[in-house]
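A.B. asks: So here's run.csv (CSV, C-alpha atoms).
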```
chain,number,residue,atom,x,y,z
J,1,MET,CA,0.0,0.0,0.0
J,2,ARG,CA,1.3,3.4,-1.0
J,3,LEU,CA,0.2,6.5,0.9
J,4,ALA,CA,1.2,10.1,0.4
J,5,ILE,CA,0.9,12.9,2.9
J,6,ILE,CA,0.5,16.4,1.4
J,7,SER,CA,-0.5,19.7,2.8
J,8,GLY,CA,-0.6,22.6,0.4
J,9,LYS,CA,0.6,25.2,2.9
J,10,GLY,CA,4.0,24.5,4.4
J,11,GLY,CA,4.3,23.9,8.1
J,12,THR,CA,0.9,22.3,8.6
J,13,GLY,CA,2.3,19.0,10.0
J,14,LYS,CA,2.9,16.7,7.0
J,15,THR,CA,6.1,15.3,8.5
J,16,THR,CA,4.5,15.1,12.0
J,17,VAL,CA,1.7,12.9,10.6
J,18,ALA,CA,4.0,10.9,8.4
J,19,VAL,CA,6.5,10.1,11.1
J,20,ASN,CA,3.9,9.3,13.8
J,21,LEU,CA,1.7,7.2,11.4
J,22,ALA,CA,4.9,5.3,10.4
J,23,LEU,CA,5.8,4.7,14.1
J,24,TYR,CA,2.3,3.7,15.0
J,25,LEU,CA,2.1,1.1,12.1
J,26,GLN,CA,5.6,-0.2,12.9
J,27,LYS,CA,4.6,-0.8,16.5
J,28,GLU,CA,1.5,-2.6,15.3
J,29,GLY,CA,3.8,-5.0,13.5
J,30,GLN,CA,3.4,-3.7,10.0
J,31,LYS,CA,6.3,-3.5,7.6
J,32,VAL,CA,6.6,0.2,6.9
J,33,CYS,CA,8.9,2.5,4.9
J,34,LEU,CA,8.9,6.3,5.3
J,35,ALA,CA,10.0,8.0,2.1
J,36,ASP,CA,10.9,11.7,2.7
J,37,CYS,CA,10.1,13.3,-0.7
J,38,ASP,CA,10.9,16.8,0.5
J,39,VAL,CA,14.3,16.6,-1.1
J,40,GLU,CA,14.9,20.3,-0.8
J,41,GLU,CA,14.5,20.4,3.0
J,42,PRO,CA,14.3,16.8,4.3
J,43,ASN,CA,13.7,16.5,8.0
J,44,ALA,CA,11.7,13.3,8.7
J,45,HIS,CA,15.0,11.5,9.7
J,46,PHE,CA,15.5,13.9,12.6
J,47,PHE,CA,12.2,12.8,14.2
J,48,LEU,CA,13.2,9.1,13.7
J,49,ASP,CA,16.7,9.7,14.8
J,50,ALA,CA,17.7,7.8,11.7
J,51,ALA,CA,21.2,6.9,10.6
J,52,TRP,CA,21.9,6.5,6.9
J,53,SER,CA,23.4,3.2,5.9
J,54,ARG,CA,23.5,3.8,2.1
J,55,GLU,CA,23.9,7.0,0.1
J,56,ASN,CA,23.8,6.9,-3.7
J,57,ARG,CA,24.8,9.8,-5.9
J,58,GLN,CA,22.2,10.4,-8.6
J,59,THR,CA,22.7,11.9,-12.1
J,60,VAL,CA,20.5,12.7,-15.1
J,61,ALA,CA,21.5,12.4,-18.7
J,62,VAL,CA,21.9,15.8,-20.4
J,63,PRO,CA,23.0,16.4,-24.0
J,64,GLU,CA,26.5,17.3,-25.2
J,65,ILE,CA,26.8,18.1,-28.9
J,66,ASN,CA,29.4,16.4,-31.1
J,67,ASN,CA,30.1,19.3,-33.5
J,68,THR,CA,31.9,17.2,-36.1
J,69,LYS,CA,28.7,15.1,-36.6
J,70,CYS,CA,26.1,17.9,-36.1
J,71,LEU,CA,24.3,18.8,-39.3
J,72,GLY,CA,24.1,22.4,-38.1
J,73,GLU,CA,21.7,25.1,-39.3
J,74,SER,CA,20.0,22.9,-41.9
J,75,CYS,CA,18.6,20.6,-39.1
J,76,LEU,CA,18.3,22.3,-35.6
J,77,GLN,CA,15.7,19.7,-34.6
J,78,CYS,CA,17.1,19.5,-31.0
J,79,VAL,CA,17.0,23.3,-30.7
J,80,ASN,CA,13.6,23.7,-32.1
J,81,GLU,CA,11.8,20.9,-30.3
J,82,CYS,CA,13.2,21.3,-26.8
J,83,ARG,CA,10.2,22.5,-24.8
J,84,PHE,CA,12.5,23.5,-22.0
J,85,ASN,CA,14.6,25.9,-24.1
J,86,SER,CA,17.8,24.3,-23.1
J,87,LEU,CA,19.5,24.5,-26.5
J,88,ILE,CA,20.2,27.4,-28.8
J,89,TRP,CA,21.8,28.0,-32.1
J,90,ILE,CA,24.5,30.7,-31.8
J,91,ALA,CA,27.9,31.4,-33.4
J,92,ASP,CA,27.2,28.5,-35.9
J,93,LYS,CA,27.0,26.0,-33.1
J,94,VAL,CA,24.4,24.3,-30.9
J,95,MET,CA,25.0,25.6,-27.4
J,96,VAL,CA,23.6,23.6,-24.5
J,97,PHE,CA,22.5,24.9,-21.1
J,98,PRO,CA,22.5,21.7,-19.1
J,99,GLU,CA,21.0,23.4,-16.0
J,100,LEU,CA,17.8,24.1,-17.9
J,101,CYS,CA,17.6,20.5,-19.2
J,102,HIS,CA,14.8,18.3,-17.8
J,103,ALA,CA,16.5,15.1,-19.0
J,104,CYS,CA,13.5,14.1,-21.1
J,105,GLY,CA,15.8,12.5,-23.8
J,106,LEU,CA,14.0,14.0,-26.8
J,107,CYS,CA,17.2,15.5,-28.3
J,108,PHE,CA,19.0,12.1,-28.2
J,109,PHE,CA,16.0,10.6,-29.9
J,110,LEU,CA,15.5,13.2,-32.6
J,111,CYS,CA,19.0,13.8,-33.8
J,112,PRO,CA,19.2,12.2,-37.3
J,113,VAL,CA,23.0,11.7,-37.1
J,114,GLN,CA,23.5,10.7,-33.4
J,115,ALA,CA,25.4,13.9,-32.8
J,116,VAL,CA,23.9,14.3,-29.3
J,117,ASP,CA,26.2,12.5,-26.8
J,118,GLU,CA,25.3,11.8,-23.2
J,119,SER,CA,26.8,13.9,-20.5
J,120,THR,CA,25.5,13.9,-16.9
J,121,ARG,CA,24.4,16.4,-14.3
J,122,GLU,CA,24.4,15.5,-10.7
J,123,ILE,CA,21.1,16.0,-9.0
J,124,GLY,CA,21.7,14.8,-5.5
J,125,LEU,CA,21.6,11.8,-3.2
J,126,VAL,CA,19.2,9.0,-2.5
J,127,ARG,CA,19.7,7.8,1.1
J,128,HIS,CA,18.5,4.7,3.0
J,129,GLY,CA,18.6,4.1,6.7
J,130,LYS,CA,16.6,3.1,9.8
J,131,GLY,CA,15.5,5.0,12.8
J,132,ARG,CA,13.3,4.0,15.8
J,133,GLY,CA,12.7,0.7,14.0
J,134,VAL,CA,11.3,2.4,10.9
J,135,GLU,CA,12.9,2.0,7.5
J,136,VAL,CA,13.6,5.5,6.0
J,137,CYS,CA,14.6,6.6,2.6
J,138,GLY,CA,14.9,10.1,1.2
J,139,GLY,CA,16.6,12.4,-1.2
J,140,LEU,CA,18.9,15.4,-0.7
J,141,LEU,CA,18.9,17.7,-3.7
J,142,ARG,CA,22.3,19.0,-4.8
J,143,ILE,CA,22.8,22.6,-3.8
J,144,GLY,CA,22.2,24.7,-6.9
J,145,GLU,CA,20.0,22.1,-8.6
J,146,ALA,CA,16.6,23.6,-9.4
J,147,MET,CA,14.6,20.6,-10.3
J,148,ALA,CA,13.4,18.3,-7.6
J,149,PRO,CA,11.0,15.9,-9.5
J,150,PRO,CA,13.7,13.6,-11.0
J,151,LEU,CA,15.3,13.0,-7.6
J,152,ILE,CA,11.8,12.4,-6.0
J,153,ARG,CA,11.2,9.8,-8.7
J,154,ARG,CA,14.5,8.0,-7.7
J,155,VAL,CA,13.5,8.1,-4.0
J,156,LEU,CA,10.1,6.5,-4.7
J,157,LYS,CA,11.6,4.0,-7.0
J,158,SER,CA,14.0,2.9,-4.3
J,159,THR,CA,11.2,2.1,-1.8
J,160,PRO,CA,10.2,-1.6,-1.2
J,161,GLY,CA,7.5,-3.1,-3.4
J,162,GLN,CA,5.7,-4.6,-0.4
J,163,GLY,CA,4.4,-3.4,2.9
J,164,ILE,CA,3.3,0.1,3.6
J,165,VAL,CA,5.1,3.0,2.0
J,166,ILE,CA,4.4,6.5,3.4
J,167,ALA,CA,5.6,9.3,1.1
J,168,ASP,CA,6.1,12.6,3.0
J,169,ALA,CA,5.5,15.2,0.3
J,170,PRO,CA,7.1,18.6,-0.1
J,171,PRO,CA,4.9,21.6,0.6
J,172,GLY,CA,2.9,23.2,-2.1
J,173,THR,CA,0.9,21.8,-5.0
J,174,SER,CA,3.4,22.1,-7.9
J,175,CYS,CA,5.5,19.5,-9.8
J,176,PRO,CA,7.4,18.1,-6.8
J,177,VAL,CA,4.1,17.2,-5.1
J,178,MET,CA,2.6,15.8,-8.3
J,179,GLU,CA,5.7,13.6,-8.7
J,180,THR,CA,5.2,12.4,-5.1
J,181,LEU,CA,1.6,11.5,-5.9
J,182,ARG,CA,2.6,9.2,-8.8
J,183,ASP,CA,1.3,5.7,-8.2
J,184,VAL,CA,-0.1,6.2,-4.7
J,185,ASP,CA,-3.2,4.4,-3.5
J,186,TYR,CA,-4.4,7.0,-1.1
J,187,VAL,CA,-3.6,10.7,-0.3
J,188,ILE,CA,-3.8,12.1,3.2
J,189,LEU,CA,-4.2,15.9,3.1
J,190,VAL,CA,-3.1,17.6,6.4
J,191,GLY,CA,-4.7,21.0,7.0
J,192,GLU,CA,-4.2,23.8,9.4
J,193,PRO,CA,-7.6,25.4,10.3
J,194,THR,CA,-6.6,29.0,9.5
J,195,PRO,CA,-7.6,31.2,6.6
J,196,PHE,CA,-4.2,30.8,5.0
J,197,GLY,CA,-4.3,27.1,5.7
J,198,LEU,CA,-7.7,26.7,4.1
J,199,HIS,CA,-6.7,28.7,1.0
J,200,ASP,CA,-3.9,26.2,0.2
J,201,PHE,CA,-6.0,23.2,1.4
J,202,LYS,CA,-8.6,24.0,-1.3
J,203,ILE,CA,-5.9,24.1,-4.0
J,204,ALA,CA,-4.5,20.7,-2.8
J,205,VAL,CA,-8.0,19.2,-2.9
J,206,GLU,CA,-8.4,20.4,-6.5
J,207,LEU,CA,-5.0,18.9,-7.4
J,208,VAL,CA,-5.8,15.5,-5.9
J,209,ARG,CA,-9.2,15.4,-7.6
J,210,LYS,CA,-7.7,16.3,-10.9
J,211,LEU,CA,-5.3,13.4,-10.5
J,212,GLY,CA,-8.3,11.1,-9.7
J,213,LEU,CA,-6.8,9.9,-6.5
J,214,ALA,CA,-8.5,8.8,-3.3
J,215,LEU,CA,-8.3,11.5,-0.6
J,216,GLY,CA,-8.8,11.7,3.1
J,217,THR,CA,-8.2,14.7,5.4
J,218,VAL,CA,-6.6,15.4,8.7
J,219,ILE,CA,-7.0,18.6,10.7
J,220,ASN,CA,-3.8,19.4,12.6
J,221,ARG,CA,-3.7,21.9,15.4
J,222,ASP,CA,-7.5,21.5,15.8
J,223,GLY,CA,-8.7,24.3,18.1
J,224,MET,CA,-6.6,27.1,16.6
J,225,GLY,CA,-8.0,29.4,13.9
J,226,ASP,CA,-11.7,29.0,13.0
J,227,ASP,CA,-14.2,26.3,11.9
J,228,GLN,CA,-14.1,27.2,8.2
J,229,MET,CA,-11.9,24.2,7.2
J,230,GLU,CA,-14.2,21.7,8.9
J,231,LYS,CA,-17.2,23.4,7.1
J,232,TYR,CA,-15.4,23.1,3.8
J,233,ILE,CA,-14.5,19.4,4.4
J,234,ARG,CA,-18.2,18.7,5.2
J,235,HIS,CA,-19.4,20.7,2.3
J,236,GLU,CA,-17.1,18.8,-0.1
J,237,ARG,CA,-18.0,15.5,1.5
J,238,LEU,CA,-14.4,14.7,2.1
J,239,PRO,CA,-13.5,12.0,4.7
J,240,LEU,CA,-12.1,13.5,7.9
J,241,LEU,CA,-9.7,10.8,9.2
J,242,ALA,CA,-8.5,12.5,12.3
J,243,ARG,CA,-8.1,15.7,14.3
J,244,LEU,CA,-4.9,16.4,16.1
J,245,PRO,CA,-5.4,18.8,19.0
J,246,TYR,CA,-3.6,22.2,19.1
J,247,SER,CA,-1.2,21.7,22.0
J,248,ARG,CA,1.7,23.6,23.3
J,249,LYS,CA,3.2,20.4,24.6
J,250,ALA,CA,3.0,18.9,21.1
J,251,ALA,CA,4.8,21.9,19.7
J,252,ALA,CA,7.5,21.7,22.3
J,253,ALA,CA,8.0,18.0,21.5
J,254,CYS,CA,8.2,18.7,17.7
J,255,SER,CA,10.8,21.4,18.3
J,256,ARG,CA,13.0,18.8,20.1
J,257,ALA,CA,12.4,16.4,17.2
J,258,GLU,CA,10.6,14.0,19.5
J,259,PRO,CA,7.9,11.9,17.9
J,260,LEU,CA,4.5,12.8,19.5
J,261,LEU,CA,3.7,9.1,20.0
J,262,GLU,CA,6.5,8.9,22.5
J,263,ALA,CA,6.2,12.4,24.0
J,264,MET,CA,2.4,12.2,24.4
J,265,PRO,CA,1.0,8.7,24.6
J,266,GLU,CA,-2.5,10.1,24.3
J,267,PHE,CA,-1.8,10.6,20.6
J,268,LYS,CA,-1.7,6.9,20.1
J,269,GLU,CA,-5.5,6.6,20.1
J,270,ILE,CA,-5.8,9.3,17.5
J,271,TYR,CA,-3.4,7.6,15.2
J,272,ARG,CA,-5.2,4.3,15.8
J,273,ASN,CA,-8.5,5.9,14.7
J,274,MET,CA,-6.8,7.7,11.8
J,275,TRP,CA,-5.5,4.3,10.5
J,276,GLU,CA,-8.9,2.6,11.0
J,277,ASN,CA,-10.7,5.3,9.3
J,278,LEU,CA,-8.3,5.3,6.4
J,279,GLN,CA,-8.7,1.5,6.0
J,280,LYS,CA,-12.5,1.8,6.0
J,281,GLU,CA,-12.3,4.6,3.4
J,282,MET,CA,-10.0,2.5,1.2
J,283,GLN,CA,-12.2,-0.6,1.5
J,284,ALA,CA,-15.2,1.6,0.5
J,285,GLY,CA,-13.2,2.7,-2.6
J,286,GLY,CA,-12.9,6.3,-1.3
J,287,LYS,CA,-12.8,9.2,-3.7
O,1,MET,CA,26.0,47.5,-38.0
O,2,ILE,CA,22.8,46.3,-36.3
O,3,ILE,CA,22.0,47.0,-32.6
O,4,ALA,CA,19.3,45.1,-30.8
O,5,VAL,CA,17.5,47.2,-28.2
O,6,SER,CA,15.0,45.7,-25.8
O,7,SER,CA,11.8,47.7,-26.1
O,8,GLN,CA,8.3,47.9,-24.6
O,9,GLY,CA,6.9,48.9,-28.0
O,10,GLN,CA,7.4,48.9,-31.7
O,11,GLU,CA,8.7,52.5,-32.2
O,12,LEU,CA,11.9,54.3,-31.6
O,13,LYS,CA,10.0,56.5,-29.1
O,14,SER,CA,8.9,53.4,-27.2
O,15,PRO,CA,10.2,53.0,-23.6
O,16,LEU,CA,13.3,50.9,-23.3
O,17,ASP,CA,12.4,47.5,-21.7
O,18,PRO,CA,14.8,47.0,-18.8
O,19,ARG,CA,14.5,43.2,-19.1
O,20,PHE,CA,16.5,41.4,-21.8
O,21,GLY,CA,15.0,37.8,-22.0
O,22,ARG,CA,11.5,38.9,-21.2
O,23,ALA,CA,11.4,42.2,-23.1
O,24,THR,CA,8.2,42.6,-25.0
O,25,HIS,CA,9.9,43.6,-28.3
O,26,PHE,CA,13.3,44.0,-29.8
O,27,ILE,CA,14.1,46.8,-32.1
O,28,PHE,CA,16.9,46.0,-34.6
O,29,TYR,CA,18.4,49.4,-35.5
O,30,ASN,CA,20.7,49.7,-38.5
O,31,THR,CA,23.3,52.4,-37.9
O,32,GLU,CA,24.3,52.5,-41.6
O,33,ASN,CA,21.0,53.9,-42.8
O,34,ASP,CA,19.0,54.6,-39.5
O,35,SER,CA,16.3,52.1,-40.4
O,36,PHE,CA,14.9,49.6,-38.0
O,37,ALA,CA,13.0,46.3,-37.8
O,38,VAL,CA,10.8,45.1,-34.9
O,39,LEU,CA,10.6,41.6,-33.4
O,40,ASN,CA,7.7,40.7,-31.1
O,41,ASN,CA,9.3,38.7,-28.3
O,42,GLU,CA,6.0,37.5,-26.8
O,43,PRO,CA,6.7,33.8,-27.1
O,44,ASN,CA,9.8,34.2,-24.9
O,45,LEU,CA,8.0,36.6,-22.6
O,46,ASN,CA,5.8,33.7,-21.5
O,47,ALA,CA,8.4,30.9,-21.6
O,48,ALA,CA,8.6,28.9,-18.4
O,49,GLN,CA,12.4,29.0,-18.6
O,50,GLY,CA,15.2,29.8,-20.9
O,51,ALA,CA,13.8,33.2,-22.1
O,52,GLY,CA,17.2,34.9,-21.8
O,53,ILE,CA,19.1,32.4,-24.1
O,54,GLN,CA,16.2,32.3,-26.5
O,55,ALA,CA,16.4,36.1,-26.8
O,56,ALA,CA,20.1,35.8,-27.3
O,57,GLN,CA,19.5,33.4,-30.2
O,58,ALA,CA,16.9,35.8,-31.7
O,59,VAL,CA,19.4,38.7,-31.5
O,60,SER,CA,22.1,36.5,-33.1
O,61,ARG,CA,19.8,35.4,-35.9
O,62,ALA,CA,19.1,39.1,-36.6
O,63,LYS,CA,22.8,39.5,-37.1
O,64,ALA,CA,23.0,42.1,-34.4
O,65,ALA,CA,26.6,43.0,-33.2
O,66,ALA,CA,25.4,44.7,-30.0
O,67,VAL,CA,22.6,44.6,-27.5
O,68,ILE,CA,21.4,47.5,-25.5
O,69,THR,CA,19.1,46.6,-22.6
O,70,GLY,CA,18.6,47.4,-18.9
O,71,HIS,CA,19.7,44.2,-17.2
O,72,CYS,CA,21.2,40.9,-18.3
O,73,GLY,CA,21.4,37.5,-16.5
O,74,PRO,CA,24.3,35.1,-16.5
O,75,LYS,CA,23.0,32.5,-19.1
O,76,ALA,CA,21.9,35.2,-21.6
O,77,PHE,CA,25.2,36.9,-21.1
O,78,SER,CA,27.2,33.8,-21.8
O,79,ALA,CA,25.1,33.1,-24.8
O,80,LEU,CA,25.7,36.6,-26.2
O,81,GLN,CA,29.3,36.3,-25.4
O,82,ALA,CA,29.5,33.0,-27.3
O,83,GLY,CA,27.8,34.8,-30.2
O,84,GLY,CA,30.4,37.6,-30.1
O,85,ILE,CA,27.6,40.1,-29.3
O,86,ALA,CA,28.6,43.1,-27.2
O,87,VAL,CA,26.2,44.0,-24.3
O,88,TYR,CA,25.5,47.5,-23.2
O,89,LEU,CA,23.4,48.2,-20.1
O,90,CYS,CA,21.8,51.5,-19.7
O,91,LYS,CA,19.2,53.5,-17.8
O,92,GLU,CA,17.9,55.5,-20.8
O,93,ASN,CA,14.1,56.0,-20.9
O,94,THR,CA,13.4,55.3,-24.6
O,95,VAL,CA,14.9,53.2,-27.4
O,96,GLU,CA,15.8,56.4,-29.2
O,97,GLU,CA,17.7,57.9,-26.3
O,98,ALA,CA,19.5,54.6,-25.8
O,99,ILE,CA,20.7,54.6,-29.4
O,100,GLN,CA,21.8,58.2,-29.2
O,101,ALA,CA,23.7,57.5,-26.0
O,102,TYR,CA,25.4,54.6,-27.8
O,103,LYS,CA,26.2,56.7,-30.8
O,104,LYS,CA,27.8,59.4,-28.7
O,105,GLY,CA,29.9,56.7,-27.0
O,106,ARG,CA,28.3,57.3,-23.6
O,107,LEU,CA,27.5,53.6,-23.0
O,108,GLU,CA,30.1,51.3,-21.5
O,109,GLN,CA,30.3,47.6,-22.6
O,110,ALA,CA,29.3,45.2,-19.9
O,111,GLU,CA,31.9,42.7,-18.9
O,112,GLU,CA,29.6,40.4,-17.0
O,113,ALA,CA,25.9,39.8,-16.1
O,114,ASP,CA,24.4,42.3,-13.7
O,115,ARG,CA,21.7,40.0,-12.4
O,116,SER,CA,21.9,36.5,-10.9
O,117,GLY,CA,20.0,33.6,-12.4
O,118,HIS,CA,16.5,32.8,-11.3
O,119,TRP,CA,14.0,30.0,-12.0
```
Turn the structure described in the file into structure tokens.
C.D. replies:
Amino acid sequence: MRLAIISGKGGTGKTTVAVNLALYLQKEGQKVCLADCDVEEPNAHFFLDAAWSRENRQTVAVPEINNTKCLGESCLQCVNECRFNSLIWIADKVMVFPELCHACGLCFFLCPVQAVDESTREIGLVRHGKGRGVEVCGGLLRIGEAMAPPLIRRVLKSTPGQGIVIADAPPGTSCPVMETLRDVDYVILVGEPTPFGLHDFKIAVELVRKLGLALGTVINRDGMGDDQMEKYIRHERLPLLARLPYSRKAAAACSRAEPLLEAMPEFKEIYRNMWENLQKEMQAGGK
Amino acid sequence: MIIAVSSQGQELKSPLDPRFGRATHFIFYNTENDSFAVLNNEPNLNAAQGAGIQAAQAVSRAKAAAVITGHCGPKAFSALQAGGIAVYLCKENTVEEAIQAYKKGRLEQAEEADRSGHW
């Protein structure tokens, strides 16, 4: 089973929910892997006190033009067809800007004379480890690299094929989040019940619906802000899997990178209910 | 010689566009006969990325030997450099004023990009 935890707005508690759900399931005897897909600012490993046992450098294939083979101005297929504008024709040569390349491979495929050679661009690391008994994997984007999705794809590919995989998504609703949602069975949307939180929550709901994925919601810091998020959830007939109470003690535990399940045993019941509700939703073929 | 000036309109009196890659137009001014041609840069204006180097390519295709604009980023600058195209950055208000400043030798050739890259 593959789950993804998303939030729209940053700082609503994706990682808190991902880590504690993983810990809860692991203690229940499930085989669980937490995949930290926030490759720009990974932090799930802090909460699990994880040590990395494997780190693999990741690269993508980018074009390098062999000028002796290139047909030049009479062709320019690579220049004209690249939708990412990574190649230009200047000074009677094809000039490549590898940092703009999305590594789609079209130029290699199109070139009629095989003048596009393969060069590589490092995108970052994929890491594997274990913490508090939970298997963890994640990515670390190379500093200066602008594109997270290729690395997120590698992180998710490196997760086990069996058991429960929990993907902790990056914030927002753009390409990195969509990449995290590829091939998931169920999406948990964590919301913060404030006007700003609700604004981004709605955008996230739209995204998940557009992708046709099953969706359940969690209200984090329930008790702060107002009741507009709950009204919206009810109005949209979205399943509300759990509410996590607004608590100073929880905030303090988070700031020390302590999992809530350990710092506040009363949260165990909430995660148990969340998991039961989620399973019921999935059995009902939730939408 | 031909000078490419980033412009917000299609005339010499148009305001200079301070952006290079995402300028709305380019005016290609021919110093030999004081004529000019206009290129609508709209496709680049809306490009998700790579606008600067696409503009450099367009300028090169128009056989311009120099660019006058407000600012220039690192990728566009390196593309223009590869194309042997001189870059002049100026604060003139209109295309006309920029060309006059160039003709009088008041503009200094830029040696590097004056803006950092962005995504």
A.B. asks: With 6 Å as the cut-off and only C-alpha atoms counted, what is the closest atom pair between each nearby residue of chain J and chain O? Distances in Å to one decimal, ordered by chain and number, as a tab-separated table.
C.D. replies:
```
residue	atom	partner	partner_atom	distance
J:Asn85	CA	O:Gly50	CA	5.1
J:Ile90	CA	O:Gly83	CA	5.5
J:Ala91	CA	O:Gly83	CA	4.7
```
A.B. asks: Which of these residues is nearest to J:Arg153, using all atoms listed in the file: J:Ala61, J:Leu181, J:Ala204, J:Val134?
C.D. replies: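 Answer, going by the shortest atom-to-atom distance: J:Leu181.
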A.B. asks: How many Å separate atom CA of J:Thr159 from atom CA of J:Asp36?
C.D. replies: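 Separating atom CA of J:Thr159 from atom CA of J:Asp36 is a distance of 10.6 Å.
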A.B. asks: Quote the spacing between atom CA of J:Ala103 and atom CA of J:Leu87 in Å to one decimal place.
C.D. replies: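 Distance reported for this atom pair: 12.4 Å.
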A.B. asks: Determine the nearest neighbour of O:Glu32 from the options O:Leu45, O:Ile3, O:Val95, O:Leu16, counting all atoms listed in the file.
C.D. replies: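 Distance minimum relative to O:Glu32 lands on O:Ile3.
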